[in-house]
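Containing compact mmCIF, C-alpha atoms: query.txt.
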# COMPACT_ATOMS: atom_id res chain seq x y z
CA MET A 17 83.37 250.03 23.88
CA PRO A 18 85.52 251.17 20.88
CA SER A 19 84.05 253.91 18.73
CA HIS A 20 85.43 255.94 15.80
CA THR A 21 83.99 259.13 14.28
CA ILE A 22 84.69 260.26 10.70
CA TYR A 23 83.81 263.63 9.20
CA LEU A 24 82.91 263.39 5.45
CA ASP A 25 82.38 265.97 2.69
CA ASP A 26 81.11 264.87 -0.77
CA GLY A 27 81.29 268.39 -2.14
CA LYS A 28 77.60 268.98 -1.60
CA TYR A 29 76.86 267.89 1.97
CA ASN A 30 78.82 267.29 5.13
CA TYR A 31 78.36 264.02 7.03
CA ILE A 32 79.34 262.56 10.40
CA MET A 33 79.78 258.79 10.47
CA THR A 34 80.12 256.99 13.81
CA ILE A 35 81.26 253.35 13.81
CA THR A 36 80.89 251.47 17.10
CA LEU A 37 82.07 248.00 18.12
CA SER A 38 80.24 246.15 20.90
CA ASP A 39 81.21 242.50 21.42
CA CYS A 40 80.07 240.77 18.17
CA THR A 41 78.08 243.72 16.79
CA VAL A 42 79.19 246.67 14.67
CA SER A 43 76.84 249.62 14.25
CA VAL A 44 77.25 252.45 11.73
CA THR A 45 75.38 255.71 12.20
CA THR A 46 75.43 258.50 9.61
CA ASP A 47 74.11 261.98 10.26
CA GLY A 48 73.94 264.70 7.63
CA VAL A 49 74.98 268.20 8.56
CA GLY A 50 72.73 270.88 7.06
CA PHE A 51 69.71 268.63 6.51
CA ASN A 52 67.88 265.88 8.38
CA ALA A 53 69.45 262.88 6.65
CA HIS A 54 70.08 259.99 9.06
CA SER A 55 70.89 256.30 8.60
CA PHE A 56 71.68 253.45 10.94
CA GLU A 57 73.10 250.01 10.19
CA SER A 58 73.78 247.11 12.56
CA HIS A 59 75.91 244.07 11.66
CA ASP A 60 76.06 240.95 13.85
CA PHE A 61 78.93 238.44 13.62
CA ALA A 62 79.59 234.96 14.99
CA THR A 63 82.80 235.93 16.76
CA GLU A 64 84.36 239.04 18.25
CA THR A 65 87.34 238.60 15.89
CA GLU A 66 85.09 238.85 12.83
CA ALA A 67 83.36 241.89 14.29
CA LEU A 68 86.70 243.60 14.98
CA GLU A 69 87.87 242.90 11.41
CA PHE A 70 84.69 244.42 9.94
CA TYR A 71 84.94 247.38 12.32
CA GLU A 72 88.48 248.25 11.22
CA THR A 73 87.76 247.55 7.50
CA THR A 74 84.79 249.90 7.56
CA ILE A 75 86.87 252.64 9.16
CA ARG A 76 89.71 252.21 6.64
CA ARG A 77 87.27 252.36 3.71
CA GLU A 78 86.24 255.84 4.77
CA ASN A 79 89.51 256.88 6.39
CA PRO A 80 92.54 255.14 4.76
CA SER A 81 94.98 256.76 7.20
CA TYR A 82 93.35 255.07 10.22
CA GLN A 83 95.70 253.11 12.52
CA PRO A 84 94.26 250.82 15.23
CA PRO A 85 95.38 251.40 18.86
CA THR A 86 98.60 249.62 19.83
CA ASP A 87 99.77 248.24 23.15
CA SER A 88 102.12 251.21 23.47
CA SER A 89 99.26 253.68 23.20
CA SER A 90 97.38 251.67 25.83
CA SER A 91 100.44 251.87 28.06
CA GLU A 92 100.57 255.61 27.54
CA GLU A 93 96.92 255.87 28.58
CA ILE A 94 97.65 253.84 31.73
CA GLU A 95 100.62 256.05 32.53
CA GLU A 96 98.48 259.15 32.07
CA GLU A 97 95.86 257.70 34.42
CA GLU A 98 98.52 256.97 37.04
CA GLU A 99 99.82 260.51 36.73
CA GLU A 100 96.30 261.82 37.28
CA LEU A 101 96.11 259.72 40.48
CA GLU A 102 98.93 261.82 41.96
CA LEU A 103 100.83 258.85 43.35
CA ARG A 104 102.65 259.59 46.59
CA SER A 105 106.41 259.32 46.68
CA PHE A 106 108.72 258.82 49.65
CA ASP A 107 112.44 258.98 50.28
CA PHE A 108 112.48 255.30 51.32
CA ASP A 109 111.69 252.01 49.62
CA LEU A 110 108.20 250.75 50.46
CA HIS A 111 109.33 247.21 49.59
CA ASP A 112 111.77 247.02 52.52
CA LYS A 113 110.97 244.15 54.89
CA ASN A 114 111.53 243.37 58.57
CA LEU A 115 112.35 246.94 59.53
CA PRO A 116 113.52 247.64 63.11
CA THR A 117 110.77 248.92 65.39
CA ASP A 118 111.92 252.55 65.48
CA GLU A 119 112.44 252.75 61.70
CA LEU A 120 108.98 251.29 61.04
CA VAL A 121 107.43 253.80 63.45
CA ASN A 122 109.25 256.65 61.69
CA ARG A 123 107.99 255.55 58.28
CA LEU A 124 104.43 255.19 59.53
CA ALA A 125 104.61 258.78 60.76
CA VAL A 126 105.47 259.82 57.20
CA VAL A 127 102.71 257.91 55.36
CA LEU A 128 99.81 258.42 57.80
CA PRO A 129 98.98 262.15 57.42
CA GLY A 130 95.80 262.69 55.44
CA LEU A 131 94.69 259.05 55.47
CA GLY A 132 91.32 257.78 56.69
CA ILE A 133 89.09 254.71 56.52
CA TYR A 134 87.21 254.07 53.29
CA GLU A 135 83.43 254.68 53.26
CA CYS A 136 83.43 255.59 56.91
CA GLU A 137 82.24 258.71 58.70
CA SER A 138 85.64 259.10 60.30
CA GLY A 139 87.29 261.86 58.32
CA ASP A 140 87.87 263.87 61.49
CA TYR A 141 89.67 260.97 63.19
CA PRO A 142 93.16 260.54 61.72
CA PHE A 143 95.26 257.42 61.95
CA LYS A 144 97.60 257.25 64.92
CA THR A 145 100.72 255.14 65.34
CA PHE A 146 100.58 252.40 67.97
CA VAL A 147 103.82 251.26 69.61
CA TRP A 148 104.28 248.70 72.38
CA LYS A 149 107.88 247.86 73.28
CA VAL A 150 107.99 244.50 75.00
CA ASP A 151 111.31 245.08 76.78
CA GLU A 152 109.90 248.17 78.47
CA GLN A 153 106.18 247.35 78.85
CA GLY A 154 106.04 243.56 78.98
CA GLU A 155 103.98 241.32 76.72
CA LEU A 156 100.87 242.93 75.24
CA THR A 157 97.51 241.45 76.32
CA ILE A 158 93.95 242.57 75.67
CA ASP A 159 93.47 243.85 79.21
CA LYS A 160 96.63 245.98 78.85
CA LEU A 161 95.39 247.27 75.49
CA LEU A 162 92.07 248.27 77.09
CA VAL A 163 93.77 249.98 80.02
CA THR A 164 96.26 251.82 77.78
CA GLY A 165 93.46 252.99 75.48
CA GLY A 166 91.45 254.36 78.40
CA PHE A 167 88.64 251.81 78.04
CA MET A 168 89.18 249.95 81.32
CA GLN A 169 90.25 250.78 84.86
CA GLU A 170 90.26 248.80 88.08
CA ILE A 171 87.99 250.09 90.86
CA GLU A 172 87.34 249.26 94.50
CA TRP A 173 84.75 246.64 95.41
CA ASN A 174 82.71 249.08 97.53
CA ASP A 175 82.53 251.58 94.66
CA PHE A 176 81.32 248.79 92.40
CA LEU A 177 78.61 247.70 94.84
CA GLN A 178 77.36 251.25 95.26
CA ALA A 179 77.12 251.63 91.47
CA VAL A 180 75.20 248.35 91.15
CA ILE A 181 72.74 249.37 93.87
CA THR A 182 72.18 252.75 92.19
CA ASN A 183 71.83 251.31 88.69
CA SER A 184 69.53 248.49 89.81
CA SER A 185 67.30 250.93 91.65
CA ASN A 186 66.99 253.24 88.62
CA ILE A 187 65.68 250.65 86.17
CA THR A 188 62.30 251.75 84.81
CA SER A 189 59.54 249.18 84.55
CA ASP A 190 58.99 249.53 80.79
CA LEU A 191 62.57 248.41 80.08
CA THR A 192 62.79 245.38 82.32
CA LEU A 193 62.91 241.80 81.16
CA GLU A 194 61.39 240.64 84.44
CA PRO A 195 59.86 242.33 87.51
CA ASN A 196 62.06 244.94 89.16
CA LEU A 197 63.77 244.08 92.40
CA THR A 198 62.78 245.96 95.51
CA PRO A 199 65.48 247.93 97.35
CA GLU A 200 65.59 245.17 99.95
CA GLU A 201 66.07 242.48 97.27
CA ILE A 202 68.82 244.51 95.60
CA SER A 203 70.64 244.91 98.90
CA GLN A 204 70.25 241.23 99.71
CA LYS A 205 71.58 240.11 96.32
CA CYS A 206 74.57 242.46 96.57
CA GLN A 207 75.37 241.06 100.00
CA MET A 208 75.09 237.48 98.66
CA LEU A 209 77.37 238.39 95.73
CA GLU A 210 80.02 239.79 98.06
CA THR A 211 79.80 236.89 100.52
CA THR A 212 80.03 234.27 97.78
CA MET A 213 82.93 235.93 95.95
CA ARG A 214 84.96 236.54 99.10
CA SER A 215 84.43 233.00 100.42
CA GLN A 216 85.19 231.25 97.12
CA CYS A 217 87.96 233.45 95.67
CA LYS A 218 91.39 234.37 96.96
CA THR A 219 91.68 237.25 94.49
CA ILE A 220 88.88 239.55 93.26
CA CYS A 221 89.27 242.30 90.67
CA VAL A 222 86.53 244.67 89.50
CA TYR A 223 86.90 246.78 86.36
CA LYS A 224 84.89 249.65 84.96
CA ILE A 225 84.74 249.54 81.17
CA VAL A 226 83.64 252.54 79.13
CA GLN A 227 82.72 253.09 75.50
CA LEU A 228 84.39 256.46 74.94
CA ASN A 229 82.89 259.32 72.96
CA PRO A 230 85.71 260.36 70.57
CA ASP A 231 84.32 263.91 70.33
CA LEU A 232 83.95 264.49 74.08
CA PRO A 233 86.85 263.02 76.12
CA ASN A 234 84.91 263.05 79.40
CA ASP A 235 81.76 261.54 77.91
CA TYR A 236 80.87 257.94 77.12
CA PHE A 237 78.23 255.98 75.23
CA GLU A 238 78.42 252.90 77.43
CA GLN A 239 79.70 252.08 80.91
CA PHE A 240 79.59 248.72 82.62
CA TYR A 241 81.43 246.62 85.18
CA ILE A 242 83.05 243.21 85.03
CA ILE A 243 84.32 240.97 87.83
CA VAL A 244 87.13 238.43 87.63
CA GLY A 245 88.18 236.25 90.53
CA GLU A 246 90.71 233.52 91.22
CA THR A 247 89.30 230.57 93.13
CA HIS A 248 91.19 228.76 95.86
CA ASP A 249 92.04 225.91 93.47
CA GLY A 250 93.76 228.33 91.05
CA TYR A 251 91.09 228.72 88.40
CA TRP A 252 89.52 232.01 87.31
CA LEU A 253 85.94 233.05 86.71
CA GLY A 254 84.44 236.15 85.10
CA ILE A 255 81.09 237.97 85.17
CA SER A 256 79.95 240.60 82.66
CA PRO A 257 76.60 242.06 81.63
CA GLN A 258 75.52 241.58 78.03
CA ILE A 259 75.68 244.87 76.11
CA CYS A 260 74.20 246.17 72.86
CA ALA A 261 77.12 245.36 70.57
CA ASP A 262 77.03 244.12 66.99
CA ASP A 263 78.74 240.75 66.52
CA ASN A 264 78.97 241.20 62.74
CA ILE A 265 80.26 244.75 62.40
CA ARG A 266 83.25 243.71 60.28
CA THR A 267 82.11 242.21 56.99
CA ASP A 268 85.32 242.37 54.94
CA THR A 269 87.48 240.45 57.43
CA GLU A 270 87.23 237.12 59.24
CA ARG A 271 86.51 237.07 62.95
CA LEU A 272 88.92 234.89 64.90
CA ASP A 273 87.85 232.39 67.53
CA ILE A 274 89.80 233.20 70.68
CA SER A 275 88.32 230.41 72.83
CA THR A 276 90.63 227.87 74.46
CA ASN A 277 90.31 224.17 75.19
CA PHE A 278 89.95 224.95 78.88
CA THR A 279 87.19 222.95 80.58
CA PRO A 280 86.10 224.17 84.02
CA VAL A 281 86.20 221.72 86.88
CA ALA A 282 82.87 220.73 88.44
CA SER A 283 83.35 223.01 91.46
CA ASN A 284 83.95 226.01 89.23
CA GLN A 285 80.88 225.30 87.13
CA THR A 286 78.79 224.97 90.28
CA LEU A 287 80.07 228.33 91.48
CA ILE A 288 79.25 229.93 88.12
CA ASP A 289 75.71 228.57 88.28
CA THR A 290 75.31 229.96 91.79
CA LEU A 291 76.60 233.39 90.75
CA GLN A 292 74.30 233.40 87.72
CA SER A 293 71.32 233.06 90.04
CA ILE A 294 72.61 235.79 92.34
CA VAL A 295 73.30 238.48 89.70
CA THR A 296 70.02 237.97 87.82
CA GLY A 297 68.00 241.14 88.28
CA LEU A 298 70.98 243.33 89.15
CA GLU A 299 72.25 246.06 86.81
CA PHE A 300 75.99 246.13 86.07
CA ALA A 301 75.71 248.77 83.33
CA THR A 302 75.15 252.51 83.45
CA THR A 303 73.64 253.39 80.08
CA PRO A 304 70.74 255.83 79.56
CA ASN A 305 67.49 254.28 78.34
CA THR A 306 68.75 250.70 78.32
CA THR A 307 68.88 247.81 80.73
CA ASN A 308 71.09 244.75 80.75
CA ARG A 309 69.46 241.99 82.71
CA GLU A 310 71.32 239.08 81.11
CA PHE A 311 74.85 238.12 82.14
CA TYR A 312 77.77 236.29 80.63
CA LEU A 313 79.77 234.10 83.00
CA ILE A 314 82.85 232.05 82.12
CA SER A 315 85.74 230.16 83.66
CA GLY A 316 89.38 230.46 82.57
CA ASN A 317 92.92 229.48 83.44
CA SER A 318 94.33 233.01 83.88
CA LYS A 319 93.13 236.52 84.61
CA GLU A 320 94.25 237.84 81.23
CA GLN A 321 92.53 235.09 79.26
CA THR A 322 89.34 235.37 81.34
CA ILE A 323 89.09 239.12 80.67
CA TYR A 324 89.74 238.53 76.97
CA GLN A 325 87.00 235.87 76.78
CA LEU A 326 84.57 238.14 78.66
CA VAL A 327 84.93 241.16 76.36
CA ASP A 328 84.94 238.87 73.32
CA GLY A 329 81.86 237.00 74.48
CA ILE A 330 79.81 240.22 74.80
CA ASN A 331 81.26 241.55 71.48
CA PHE A 332 82.88 244.59 73.07
CA VAL A 333 86.22 243.48 71.60
CA ILE A 334 86.20 241.63 68.30
CA THR A 335 89.42 240.10 66.96
CA CYS A 336 89.72 239.84 63.17
CA THR A 337 92.22 238.94 60.52
CA PHE A 338 93.81 241.88 58.75
CA ALA A 339 92.26 243.09 55.50
CA PRO A 340 94.30 245.78 53.72
CA PHE A 341 92.65 249.18 54.13
CA GLY A 342 92.62 249.68 50.38
CA SER A 343 91.17 246.27 49.45
CA VAL A 344 87.53 247.42 49.40
CA ALA A 345 88.36 250.45 47.24
CA GLU A 346 90.73 249.02 44.62
CA SER A 347 88.10 248.92 41.86
CA GLU A 348 85.71 251.55 43.21
CA ASP A 349 88.07 254.38 44.14
CA PRO A 350 91.57 254.10 42.58
CA GLN A 351 92.66 257.41 44.13
CA PHE A 352 91.92 256.18 47.66
CA PHE A 353 93.48 252.79 46.91
CA HIS A 354 96.77 254.31 45.72
CA SER A 355 96.88 256.83 48.58
CA ILE A 356 96.55 254.19 51.29
CA GLN A 357 98.57 251.45 49.60
CA PRO A 358 101.87 252.59 51.22
CA LEU A 359 100.33 252.04 54.66
CA ASP A 360 99.12 248.56 53.70
CA GLN A 361 102.58 247.71 52.35
CA LEU A 362 104.37 248.85 55.50
CA LEU A 363 102.07 246.78 57.70
CA GLU A 364 102.06 243.62 55.59
CA LEU A 365 105.80 243.53 54.85
CA ASN A 366 107.01 244.31 58.36
CA LEU A 367 104.55 242.75 60.82
CA SER A 368 103.68 239.17 61.68
CA ASN A 369 100.60 238.04 63.64
CA LEU A 370 98.82 241.04 62.10
CA ARG A 371 95.40 241.45 63.68
CA GLU A 372 92.59 243.97 63.83
CA TYR A 373 90.96 244.58 67.21
CA VAL A 374 87.57 246.30 67.01
CA ILE A 375 86.58 247.87 70.34
CA GLY A 376 83.22 249.43 71.09
CA SER A 377 79.50 249.52 70.31
CA TYR A 378 76.75 251.98 69.35
CA SER A 379 78.12 252.55 65.80
CA THR A 380 81.38 253.99 67.16
CA TYR A 381 84.38 251.69 67.07
CA TYR A 382 88.06 252.01 67.85
CA LEU A 383 90.23 250.00 65.46
CA TYR A 384 93.67 248.77 66.43
CA THR A 385 95.55 247.14 63.53
CA ILE A 386 98.73 245.79 65.08
CA GLY A 387 101.28 243.02 64.74
CA ASN A 388 104.76 241.93 65.80
CA THR A 389 107.90 243.55 64.42
CA HIS A 390 110.97 241.45 63.64
CA SER A 391 112.24 242.17 67.19
CA GLY A 392 108.96 241.12 68.86
CA ASP A 393 107.53 244.56 69.65
CA TRP A 394 103.93 245.43 68.79
CA VAL A 395 103.45 248.18 66.21
CA GLY A 396 100.55 249.30 64.05
CA VAL A 397 97.90 251.98 63.69
CA SER A 398 94.67 252.96 65.41
CA ASN A 399 91.67 254.92 64.25
CA VAL A 400 88.02 255.64 65.02
CA ALA A 401 85.39 254.23 62.66
CA ILE A 402 81.78 255.41 62.58
CA TRP A 403 79.70 252.61 61.05
CA SER A 404 75.98 253.36 61.24

Can you turn what I pasted into structure tokens?
Amino acid sequence: MPSHTIYLDDGKYNYIMTITLSDCTVSVTTDGVGFNAHSFESHDFATETEALEFYETTIRRENPSYQPPTDSSSSEEIEEEEEELELRSFDFDLHDKNLPTDELVNRLAVVLPGLGIYECESGDYPFKTFVWKVDEQGELTIDKLLVTGGFMQEIEWNDFLQAVITNSSNITSDLTLEPNLTPEEISQKCQMLETTMRSQCKTICVYKIVQLNPDLPNDYFEQFYIIVGETHDGYWLGISPQICADDNIRTDTERLDISTNFTPVASNQTLIDTLQSIVTGLEFATTPNTTNREFYLISGNSKEQTIYQLVDGINFVITCTFAPFGSVAESEDPQFFHSIQPLDQLLELNLSNLREYVIGSYSTYYLYTIGNTHSGDWVGVSNVAIWS
């Protein structure tokens, strides 16, 4: 709110007059210096224009040399504020579009140092550049992203069965959703699972998925197993335990629906129902102090899509639209907004199909913000976000 202070001297006393404009009201406060004289006046007007006119007239009456602020002085104030923000400068034009993959990667390496995620306990986890060259590595899929990031690895069937037997036997009674299975029942169910999968599928793949601890490379917060199999008629099915993951962790972006129009044939649905009955009571996850007795089973038309739907369905991987990193801070923290704006510009002006993949659970998430370059490669950034 505009305010103007005038120092007065009538030859006997000194005065301080403060004139303040607030919407349609002008207040005048006078304080005497050297004695306790004090006066206050308040004038209300029908319009802000009338109030502004009275405000400036009152000031000129006491201070004839007064000049109201001009647009140029406002511009100077804005320029001073921008200087105080210490805007970053680069030896390239941030407005360049459709940069080649290598040039975009080089520019990201220049703008990333010192940047982090706004209002996130991730200051110790810097941004990293993500590069996936299609000519050398093939098309990028979610299962490849999980394998490359160290979240997923294929294991042998016998190793999987041994882990399930161990995990199912270690469930404590106070955590169960239904009565614990006896060792004999666990063994019988595992045998039924193997017999059914091997008789109904021509291809079986088992994967161990881990929620990595970013501070301890050999530690994890979550570990569980998924199964995908190709049936003899060419369709795929997937089995995963439900995990403790938040389906609404990203509030400033829109989650994308990755489901397809695929409808399983009757034989596949019957097989899924049979497998659902078999796995109930088994433990596919190795997580201290938790148990996962419910399962998520789906059918798909390819291995890649089935894995994607599995990890999406249990909220271990959430796919979102891209929201600029500085969007939530533009009005709240101008310094952060201006510091991260070059990164947002590079991503938005040079990548299509820009997406954010949120991987993880237990308040620790790995963010991959990636899209296609003009040549079809996948480029972007990754970071760790701690959202408690």

Write out as JSON lines a residue-level contact list of stretch 279-385 of chain A versus stretch 160-166 of chain A with cut-off 12 Å: for each qualifying residue the closest pair of atoms and the distance in Å to one decimal, counting all atoms listed in the file, rows sorted by chain and residue number upward.
{"residue": "A:Lys319", "atom": "CA", "partner": "A:Lys160", "partner_atom": "CA", "distance": 11.6}
{"residue": "A:Glu320", "atom": "CA", "partner": "A:Lys160", "partner_atom": "CA", "distance": 8.8}
{"residue": "A:Gln321", "atom": "CA", "partner": "A:Lys160", "partner_atom": "CA", "distance": 11.6}
{"residue": "A:Ile323", "atom": "CA", "partner": "A:Leu162", "partner_atom": "CA", "distance": 10.3}
{"residue": "A:Tyr324", "atom": "CA", "partner": "A:Leu162", "partner_atom": "CA", "distance": 10.0}
{"residue": "A:Val327", "atom": "CA", "partner": "A:Leu162", "partner_atom": "CA", "distance": 10.1}
{"residue": "A:Phe332", "atom": "CA", "partner": "A:Leu162", "partner_atom": "CA", "distance": 10.7}
{"residue": "A:Val333", "atom": "CA", "partner": "A:Leu162", "partner_atom": "CA", "distance": 9.3}
{"residue": "A:Tyr373", "atom": "CA", "partner": "A:Leu161", "partner_atom": "CA", "distance": 9.8}
{"residue": "A:Val374", "atom": "CA", "partner": "A:Leu162", "partner_atom": "CA", "distance": 11.2}
{"residue": "A:Ile375", "atom": "CA", "partner": "A:Leu162", "partner_atom": "CA", "distance": 8.7}
{"residue": "A:Gly376", "atom": "CA", "partner": "A:Leu162", "partner_atom": "CA", "distance": 10.8}
{"residue": "A:Tyr382", "atom": "CA", "partner": "A:Gly165", "partner_atom": "CA", "distance": 9.4}
{"residue": "A:Leu383", "atom": "CA", "partner": "A:Gly165", "partner_atom": "CA", "distance": 10.9}
{"residue": "A:Tyr384", "atom": "CA", "partner": "A:Leu161", "partner_atom": "CA", "distance": 9.3}
{"residue": "A:Thr385", "atom": "CA", "partner": "A:Leu161", "partner_atom": "CA", "distance": 12.0}

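Near (83.2, 231.7, 85.1), the residues that fall inside 9 Å on the basis of only C-alpha atoms are Val244, Gly245, Trp252, Leu253, Gly254, Ile255, Pro280, Asn284, Gln285, Leu287, Ile288, Asp289, Leu291, Tyr312, Leu313, Ile314, Ser315, Gly316 and Thr322 of chain A.
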
Might you pull out every residue within 10 Å of A:Asp112, with all atoms listed in the file counted and same-chain residues fewer than 2 positions away left off, and present them as a tab-separated table (two decimals) with C-alpha atoms, in the frame of the given file?
chain	number	residue	atom	x	y	z
A	108	PHE	CA	112.48	255.30	51.32
A	109	ASP	CA	111.69	252.01	49.62
A	110	LEU	CA	108.20	250.75	50.46
A	114	ASN	CA	111.53	243.37	58.57
A	115	LEU	CA	112.35	246.94	59.53
A	120	LEU	CA	108.98	251.29	61.04
A	361	GLN	CA	102.58	247.71	52.35
A	362	LEU	CA	104.37	248.85	55.50
A	365	LEU	CA	105.80	243.53	54.85
A	366	ASN	CA	107.01	244.31	58.36

>> Residues within 6 Å of stretch 177-181 of chain A, please, as a list in words. Count all atoms listed in the file; anything in the same chain fewer than 2 positions from it doesn't count.
In response: Asn174, Asp175, Asn183, Ser184, Glu299 and Phe300 of chain A

> Which polymer residues have any atom within 9 Å of an atom of A:Thr296, counting all atoms listed in the file, with same-chain residues fewer than 2 positions away left out, as an MDAnalysis selection string?
Replying inline: chainID A and resid 205 291:294 298:299 309:311

Emit the selected residues as a PDB file, keeping the file's coordinate frame, including C-alpha atoms.
ATOM      1  CA  LYS A 205      71.580 240.110  96.320  1.00  0.00           C
ATOM      2  CA  LEU A 291      76.600 233.390  90.750  1.00  0.00           C
ATOM      3  CA  GLN A 292      74.300 233.400  87.720  1.00  0.00           C
ATOM      4  CA  SER A 293      71.320 233.060  90.040  1.00  0.00           C
ATOM      5  CA  ILE A 294      72.610 235.790  92.340  1.00  0.00           C
ATOM      6  CA  LEU A 298      70.980 243.330  89.150  1.00  0.00           C
ATOM      7  CA  GLU A 299      72.250 246.060  86.810  1.00  0.00           C
ATOM      8  CA  ARG A 309      69.460 241.990  82.710  1.00  0.00           C
ATOM      9  CA  GLU A 310      71.320 239.080  81.110  1.00  0.00           C
ATOM     10  CA  PHE A 311      74.850 238.120  82.140  1.00  0.00           C
TER      11      PHE A 311
END

> Quick one: residues within 7 Å of A:His248, only C-alpha atoms counted, chain neighbours fewer than 5 positions away excluded, as a ChimeraX atom specification?
Replying inline: /A:216-218

> How would you write as a ChimeraX atom specification the residues that get within 10 Å of (77.3, 239.3, 15.0) in the file's frame, counting all atoms listed in the file?
Replying inline: /A:38-42,58-64,66-67

> How far is it from atom CA of A:Thr269 to atom CA of A:Gly342, in Å with one decimal?
Replying inline: 12.7 Å

> So which one's closest to A:Glu364, A:Pro199, A:Gly132, A:Gly396, A:Gly329? Using all atoms listed in the file, please.
Replying inline: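 With all atoms listed in the file as the atom set, the closest residue is A:Gly396.
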
> Between A:Leu363, A:Ile75, A:Leu209, A:Ile402, which one has atoms that come closest to A:Thr145, using only C-alpha atoms?
Replying inline: A:Leu363

>> Rounded to one decimal, what separation in Å do you get between atom CA of A:Asp159 and atom CA of A:Thr182?
In response: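 Between these atoms lies a distance of 26.5 Å.
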
>> Counting only C-alpha atoms, which residue out of A:Thr247, A:Thr290, A:Thr302, A:Thr157 sits closest to A:Lys224?
In response: A:Thr302

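Note that the spacing between atom CA of A:Pro340 and atom CA of A:Ser355 amounts to 12.5 Å.
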
> Which one of A:Ile35, A:Leu124, A:Val295, A:Leu367 sits closest to A:Gln207 if you count all atoms listed in the file?
Replying inline: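 Counting all atoms listed in the file, the residue closest to A:Gln207 is A:Val295.
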
>> Neighbouring residues of A:Pro116 were defined as those with any atom within 10 Å, considering only C-alpha atoms; residues of the same chain fewer than 4 positions away were excluded. Please report them as a PyMOL selection string.
In response: chain A and resi 120-121+366+389-393

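With all atoms listed in the file as the atoms that count, the minimum distance from A:Val226 to the choices A:Leu68, A:Met213, A:Met168, A:Val397 is reached by A:Met168.
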